[in-house]
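As stored in start.cif (mmCIF, C-alpha atoms):
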```
data_target
loop_
_atom_site.label_atom_id
_atom_site.label_comp_id
_atom_site.auth_asym_id
_atom_site.auth_seq_id
_atom_site.Cartn_x
_atom_site.Cartn_y
_atom_site.Cartn_z
CA GLU A 279 41.60 27.41 10.26
CA ALA A 280 41.13 25.78 6.89
CA GLY A 281 38.40 23.19 6.67
CA VAL A 282 38.38 19.82 4.97
CA VAL A 283 39.20 20.26 1.31
CA GLN A 284 37.89 17.97 -1.39
CA SER A 285 38.36 17.89 -5.11
CA PRO A 286 36.92 17.82 -7.59
CA ARG A 287 33.56 19.24 -6.55
CA TYR A 288 31.78 17.66 -9.49
CA LYS A 289 32.63 14.77 -11.77
CA ILE A 290 30.71 13.31 -14.67
CA ILE A 291 31.95 10.09 -16.23
CA GLU A 292 30.66 7.25 -18.32
CA LYS A 293 30.15 3.85 -16.78
CA LYS A 294 33.15 1.54 -16.70
CA GLN A 295 35.51 4.52 -16.45
CA PRO A 296 37.77 5.02 -13.44
CA VAL A 297 37.43 8.00 -11.12
CA ALA A 298 39.35 9.31 -8.12
CA PHE A 299 38.49 11.73 -5.35
CA TRP A 300 40.95 13.59 -3.20
CA CYS A 301 40.65 14.81 0.39
CA ASN A 302 42.86 16.98 2.54
CA PRO A 303 41.74 16.86 6.18
CA ILE A 304 42.07 19.54 8.82
CA SER A 305 45.65 19.84 10.02
CA GLY A 306 46.27 17.69 13.06
CA HIS A 307 43.23 15.47 12.56
CA ASN A 308 44.40 11.88 12.73
CA THR A 309 41.09 10.28 11.81
CA LEU A 310 39.72 10.51 8.30
CA TYR A 311 36.42 9.18 6.98
CA TRP A 312 34.96 8.63 3.55
CA TYR A 313 31.17 8.58 3.29
CA ARG A 314 28.80 8.05 0.42
CA GLN A 315 25.57 10.02 0.41
CA ASN A 316 22.89 8.87 -1.98
CA LEU A 317 20.18 11.30 -3.04
CA GLY A 318 17.71 11.86 -0.24
CA GLN A 319 19.70 9.78 2.23
CA GLY A 320 22.10 10.35 5.07
CA PRO A 321 25.82 9.69 4.71
CA GLU A 322 26.98 6.09 5.00
CA LEU A 323 30.50 5.25 6.07
CA LEU A 324 32.75 3.64 3.49
CA ILE A 325 36.08 3.63 5.29
CA ARG A 326 37.76 5.11 8.35
CA TYR A 327 41.47 5.78 8.76
CA GLU A 328 43.45 6.25 11.94
CA ASN A 329 46.57 7.94 10.62
CA GLU A 330 47.57 5.82 7.64
CA GLU A 331 45.81 2.65 8.80
CA ALA A 332 42.36 1.68 7.52
CA VAL A 333 40.67 0.55 10.75
CA ASP A 334 37.15 0.11 9.41
CA ASP A 335 36.56 -0.71 5.75
CA SER A 336 33.75 -3.19 6.22
CA GLN A 337 31.34 -1.11 4.11
CA LEU A 338 33.76 -0.49 1.24
CA PRO A 339 32.87 -2.48 -1.91
CA LYS A 340 36.33 -3.85 -2.39
CA ASP A 341 35.77 -5.27 -5.83
CA ARG A 342 35.75 -1.80 -7.35
CA PHE A 343 36.55 0.69 -4.60
CA SER A 344 39.94 1.37 -3.11
CA ALA A 345 41.36 4.03 -0.85
CA GLU A 346 44.69 5.09 0.45
CA ARG A 347 46.05 7.56 2.95
CA LEU A 348 49.75 7.77 2.41
CA LYS A 349 51.69 9.49 5.20
CA GLY A 350 48.52 9.74 7.23
CA VAL A 351 47.40 13.07 5.80
CA ASP A 352 45.74 13.33 2.37
CA SER A 353 43.55 10.54 1.14
CA THR A 354 42.33 9.31 -2.22
CA LEU A 355 39.23 7.25 -2.91
CA LYS A 356 39.09 5.45 -6.23
CA ILE A 357 36.37 3.63 -8.14
CA GLN A 358 37.34 1.36 -11.00
CA PRO A 359 35.26 0.67 -12.97
CA ALA A 360 32.38 2.98 -12.10
CA GLU A 361 28.80 1.76 -12.34
CA LEU A 362 25.56 3.69 -12.73
CA GLY A 363 24.67 3.01 -9.11
CA ASP A 364 27.81 4.78 -7.92
CA SER A 365 26.27 8.16 -8.67
CA ALA A 366 26.23 9.92 -5.30
CA VAL A 367 28.00 12.57 -3.26
CA TYR A 368 31.24 11.35 -1.72
CA LEU A 369 32.01 13.11 1.53
CA CYS A 370 35.27 13.26 3.39
CA ALA A 371 35.39 14.09 7.09
CA SER A 372 38.10 14.34 9.70
CA SER A 373 38.34 14.45 13.46
CA THR A 374 40.89 14.23 16.23
CA GLY A 375 39.70 10.68 16.82
CA GLN A 376 38.60 11.03 20.42
CA SER A 377 35.21 9.70 21.40
CA TYR A 378 32.35 12.17 20.89
CA ASN A 379 34.54 14.39 18.85
CA GLU A 380 32.86 16.32 16.13
CA GLN A 381 33.54 15.22 12.61
CA PHE A 382 34.26 18.06 10.22
CA PHE A 383 32.95 17.48 6.74
CA GLY A 384 34.22 18.66 3.41
CA PRO A 385 31.84 19.97 0.71
CA GLY A 386 31.81 16.62 -1.06
CA THR A 387 32.31 15.45 -4.62
CA ARG A 388 29.15 14.93 -6.62
CA LEU A 389 29.68 12.00 -8.98
CA THR A 390 27.39 11.36 -11.91
CA VAL A 391 27.88 8.13 -13.85
CA LEU A 392 26.21 8.09 -17.26
CA GLY B 144 22.34 -2.50 15.97
CA ASN B 145 22.47 1.26 15.76
CA SER B 146 20.06 3.35 13.73
CA VAL B 147 18.45 6.76 13.56
CA THR B 148 14.94 7.51 12.36
CA GLN B 149 13.89 11.01 11.38
CA MET B 150 10.54 12.40 10.41
CA GLU B 151 10.20 12.52 6.68
CA GLY B 152 10.11 15.78 4.81
CA PRO B 153 10.04 17.97 3.08
CA VAL B 154 8.87 20.49 5.64
CA THR B 155 7.73 23.92 4.50
CA LEU B 156 7.11 26.65 7.05
CA SER B 157 6.44 30.35 7.00
CA GLU B 158 8.99 32.66 8.52
CA GLU B 159 8.70 32.94 12.33
CA ALA B 160 6.84 29.64 12.60
CA PHE B 161 7.73 27.02 15.22
CA LEU B 162 9.84 24.09 14.04
CA THR B 163 9.99 20.54 15.30
CA ILE B 164 11.88 17.77 13.53
CA ASN B 165 11.47 14.42 15.24
CA CYS B 166 14.37 12.04 15.72
CA THR B 167 14.42 8.68 17.50
CA TYR B 168 17.29 6.29 17.80
CA THR B 169 18.24 2.71 18.51
CA ALA B 170 21.62 2.01 20.05
CA THR B 171 23.31 -0.99 21.60
CA GLY B 172 25.19 1.17 24.06
CA TYR B 173 25.02 4.70 25.39
CA PRO B 174 25.42 7.06 22.45
CA SER B 175 26.09 10.72 21.97
CA LEU B 176 23.54 12.47 19.79
CA PHE B 177 23.99 15.15 17.16
CA TRP B 178 22.16 17.35 14.75
CA TYR B 179 23.99 18.30 11.57
CA VAL B 180 22.81 20.81 8.98
CA GLN B 181 23.60 20.79 5.27
CA TYR B 182 23.06 23.97 3.32
CA PRO B 183 22.72 23.72 -0.46
CA GLY B 184 26.00 22.84 -2.12
CA GLU B 185 27.87 22.54 1.16
CA GLY B 186 29.09 19.81 3.47
CA LEU B 187 27.50 18.87 6.76
CA GLN B 188 28.04 21.23 9.68
CA LEU B 189 27.52 20.40 13.31
CA LEU B 190 24.51 22.26 14.66
CA LEU B 191 24.37 20.92 18.22
CA LYS B 192 25.09 17.85 20.30
CA ALA B 193 24.32 16.17 23.62
CA THR B 194 26.44 13.49 25.24
CA LYS B 195 24.28 12.21 28.09
CA ALA B 196 20.67 11.83 29.14
CA ASP B 197 18.76 15.06 29.86
CA ASP B 198 21.48 17.19 28.28
CA LYS B 199 20.18 19.97 26.08
CA GLY B 200 22.20 20.99 23.06
CA SER B 201 21.59 24.45 21.67
CA ASN B 202 22.94 26.69 18.92
CA LYS B 203 21.61 29.51 16.72
CA GLY B 204 18.21 29.29 18.39
CA PHE B 205 17.91 25.55 17.82
CA GLU B 206 17.54 23.16 20.75
CA ALA B 207 17.35 19.42 21.28
CA THR B 208 17.13 17.44 24.53
CA TYR B 209 18.58 13.94 24.94
CA ARG B 210 15.64 11.83 26.17
CA LYS B 211 16.83 8.37 27.12
CA GLU B 212 13.40 7.16 28.26
CA THR B 213 11.89 7.84 24.84
CA THR B 214 15.15 7.37 22.87
CA SER B 215 14.55 10.70 21.20
CA PHE B 216 16.43 13.86 20.27
CA HIS B 217 13.88 16.14 18.64
CA LEU B 218 15.10 19.39 17.08
CA GLU B 219 13.15 22.57 17.84
CA LYS B 220 13.32 26.24 17.04
CA GLY B 221 10.84 28.82 18.19
CA SER B 222 10.97 31.12 15.17
CA VAL B 223 12.50 29.99 11.90
CA GLN B 224 14.08 32.27 9.34
CA VAL B 225 14.49 31.95 5.60
CA SER B 226 18.19 31.35 6.18
CA ASP B 227 17.34 28.16 8.11
CA SER B 228 16.32 26.48 4.88
CA ALA B 229 18.55 23.40 4.66
CA VAL B 230 18.59 19.65 5.22
CA TYR B 231 18.87 18.54 8.84
CA PHE B 232 20.42 15.22 9.86
CA CYS B 233 20.12 13.52 13.20
CA ALA B 234 23.06 11.27 14.07
CA LEU B 235 24.51 9.16 16.86
CA ILE B 236 27.89 7.82 17.81
CA GLU B 237 28.51 5.12 20.35
CA ARG B 238 30.80 5.82 23.31
CA SER B 239 33.05 2.98 22.25
CA GLY B 240 33.17 3.72 18.57
CA ASN B 241 34.02 6.36 16.03
CA GLN B 242 31.32 5.65 13.49
CA PHE B 243 28.42 8.02 13.00
CA TYR B 244 25.00 6.69 12.13
CA PHE B 245 22.91 9.24 10.28
CA GLY B 246 19.21 9.56 9.70
CA THR B 247 17.92 10.09 6.19
CA GLY B 248 17.67 13.85 6.62
CA THR B 249 14.74 16.26 6.72
CA SER B 250 14.56 19.05 4.18
CA LEU B 251 13.28 22.35 5.56
CA THR B 252 12.15 25.26 3.41
CA VAL B 253 11.19 28.51 5.09
CA ILE B 254 9.18 30.93 2.98
CA PRO B 255 8.94 34.68 3.65
#
```
For the file at hand, write its structure as structure tokens.
Amino acid sequence: EAGVVQSPRYKIIEKKQPVAFWCNPISGHNTLYWYRQNLGQGPELLIRYENEEAVDDSQLPKDRFSAERLKGVDSTLKIQPAELGDSAVYLCASSTGQSYNEQFFGPGTRLTVL
Amino acid sequence: GNSVTQMEGPVTLSEEAFLTINCTYTATGYPSLFWYVQYPGEGLQLLLKATKADDKGSNKGFEATYRKETTSFHLEKGSVQVSDSAVYFCALIERSGNQFYFGTGTSLTVIP
């Protein structure tokens, strides 16, 4: 079974530039999560999707961050414009959505904003 | 609110040493508890979990027991190997929710 796929793995941009991350969850997983992991910290939830609906985006900085999950499968997270403080690893995870269910994480995209 | 507190690292041990990584939690409800491991350059992988009080999760020689009275879920392994070098995250999820709350992670390095 293929795991959660993310691309790119690494991205270096200058501040004020836009950037987008892509995630393909495990087949059949209805719930998709985007996390941000700062250096030396645990992941923090940015947004959670149930199918194509964003059911929890309370931690998403909506002035510059946006996300979409068209057709309830792949998802894209965008930052525009990027700031220095956005440098982090952006993790995507998926699950079947049932309580206690394990979340399966992708390898993440390491973003560096110069 | 919900939160997880882990012992700070980094932790450096010799091969075959005993490992304990402390984890305590605060939860408004009755959570399930998890340990995730992150190897260099990889995403988080579930190591073990426990869904109710006194449950013991175990995997690959690692164990953790859900202690409701002390709100703890300490990770232990009797004899670590070099291949156990990674960052370990304690996490919880409430019964009623789908959001994980992670600790800050504890970096473990095992030297031969």
Which chain A residues have any atom within 12 Å of an atom of chain B, and for each, what is the nearest pair of atoms with distance in Å to one decimal, counting all atoms listed in the file, rows sorted by chain and number, as CSV?
```
residue,atom,partner,partner_atom,distance
A:Gly281,CA,B:Gly186,CA,10.4
A:Val282,CA,B:Gly186,CA,9.4
A:Val283,CA,B:Gly186,CA,10.3
A:Gln284,CA,B:Gly186,CA,10.2
A:Arg287,CA,B:Gly184,CA,9.5
A:Tyr288,CA,B:Gly184,CA,10.7
A:Thr309,CA,B:Asn241,CA,9.1
A:Leu310,CA,B:Asn241,CA,10.5
A:Tyr311,CA,B:Gln242,CA,9.0
A:Trp312,CA,B:Gln242,CA,11.0
A:Tyr313,CA,B:Phe243,CA,10.1
A:Arg314,CA,B:Phe245,CA,11.5
A:Gln315,CA,B:Thr247,CA,9.6
A:Asn316,CA,B:Thr247,CA,9.6
A:Leu317,CA,B:Thr247,CA,9.6
A:Gly318,CA,B:Thr247,CA,6.7
A:Gln319,CA,B:Thr247,CA,4.4
A:Gly320,CA,B:Thr247,CA,4.3
A:Pro321,CA,B:Phe245,CA,6.3
A:Glu322,CA,B:Phe245,CA,7.4
A:Leu323,CA,B:Gln242,CA,7.5
A:Leu324,CA,B:Gln242,CA,10.3
A:Ile325,CA,B:Gln242,CA,9.7
A:Arg326,CA,B:Gln242,CA,8.3
A:Tyr327,CA,B:Asn241,CA,10.4
A:Glu328,CA,B:Asn241,CA,10.3
A:Val333,CA,B:Asn241,CA,10.3
A:Asp334,CA,B:Gln242,CA,9.0
A:Asp335,CA,B:Gln242,CA,11.3
A:Ser336,CA,B:Gln242,CA,11.7
A:Gln337,CA,B:Gln242,CA,11.6
A:Val367,CA,B:Gly186,CA,9.9
A:Tyr368,CA,B:Gly186,CA,10.2
A:Leu369,CA,B:Gly186,CA,7.6
A:Cys370,CA,B:Gly186,CA,9.0
A:Ala371,CA,B:Leu187,CA,9.2
A:Ser372,CA,B:Asn241,CA,11.0
A:Ser373,CA,B:Asn241,CA,9.5
A:Thr374,CA,B:Asn241,CA,10.4
A:Gly375,CA,B:Asn241,CA,7.2
A:Gln376,CA,B:Asn241,CA,7.9
A:Ser377,CA,B:Arg238,CA,6.2
A:Tyr378,CA,B:Ser175,CA,6.5
A:Asn379,CA,B:Asn241,CA,8.5
A:Glu380,CA,B:Leu189,CA,7.3
A:Gln381,CA,B:Leu189,CA,8.0
A:Phe382,CA,B:Gln188,CA,7.0
A:Phe383,CA,B:Gly186,CA,5.6
A:Gly384,CA,B:Gly186,CA,5.3
A:Pro385,CA,B:Gly186,CA,3.9
A:Gly386,CA,B:Gly186,CA,6.2
A:Thr387,CA,B:Gly186,CA,9.7
A:Arg388,CA,B:Gly184,CA,9.6
```
Name the residues that the PyMOL selection byres ((chain B and resi 220-228) around 10) pulls out of this structure, and write them as an MDAnalysis selection string. chainID B and resid 154:164 180:183 201:207 218:219 229:231 250:255
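Interatomic distance, CA of Thr354 in chain A against CA of Cys301 in chain A: 6.3 Å.
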Got a sec to resolve the PyMOL selection byres ((chain A and resi 347-353) around 8) on this structure and send the residues as a ChimeraX atom specification? /A:300-303,308,327-331,345-346,354-355
Requested write-out: C-alpha atoms of the selected residues, as a CSV table (one decimal), in the frame of the given file:
```
chain,number,residue,atom,x,y,z
A,300,TRP,CA,41.0,13.6,-3.2
A,301,CYS,CA,40.6,14.8,0.4
A,302,ASN,CA,42.9,17.0,2.5
A,303,PRO,CA,41.7,16.9,6.2
A,308,ASN,CA,44.4,11.9,12.7
A,327,TYR,CA,41.5,5.8,8.8
A,328,GLU,CA,43.4,6.2,11.9
A,329,ASN,CA,46.6,7.9,10.6
A,330,GLU,CA,47.6,5.8,7.6
A,331,GLU,CA,45.8,2.6,8.8
A,345,ALA,CA,41.4,4.0,-0.8
A,346,GLU,CA,44.7,5.1,0.4
A,354,THR,CA,42.3,9.3,-2.2
A,355,LEU,CA,39.2,7.2,-2.9
```
Between CA of Arg210 in chain B and CA of Tyr168 in chain B, distance in Å (one decimal): 10.2 Å
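Going from CA of Ser285 in chain A to CA of Ala298 in chain A covers 9.1 Å.
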Taking the file above as input, evaluate the PyMOL selection byres ((chain A and resi 364) around 10) and report the hits as a ChimeraX atom specification. /A:293,314,316,357,359-363,365-368,389-391
Output as AutoDock Vina command-line options the centre and edge lengths (Å, one decimal) of the box along x, y and z of the file that holds every listed atom of range 186-194 of chain B after adding 6 Å on each side.
```
--center_x 26.7 --center_y 17.9 --center_z 14.4 --size_x 16.8 --size_y 20.8 --size_z 33.8
```
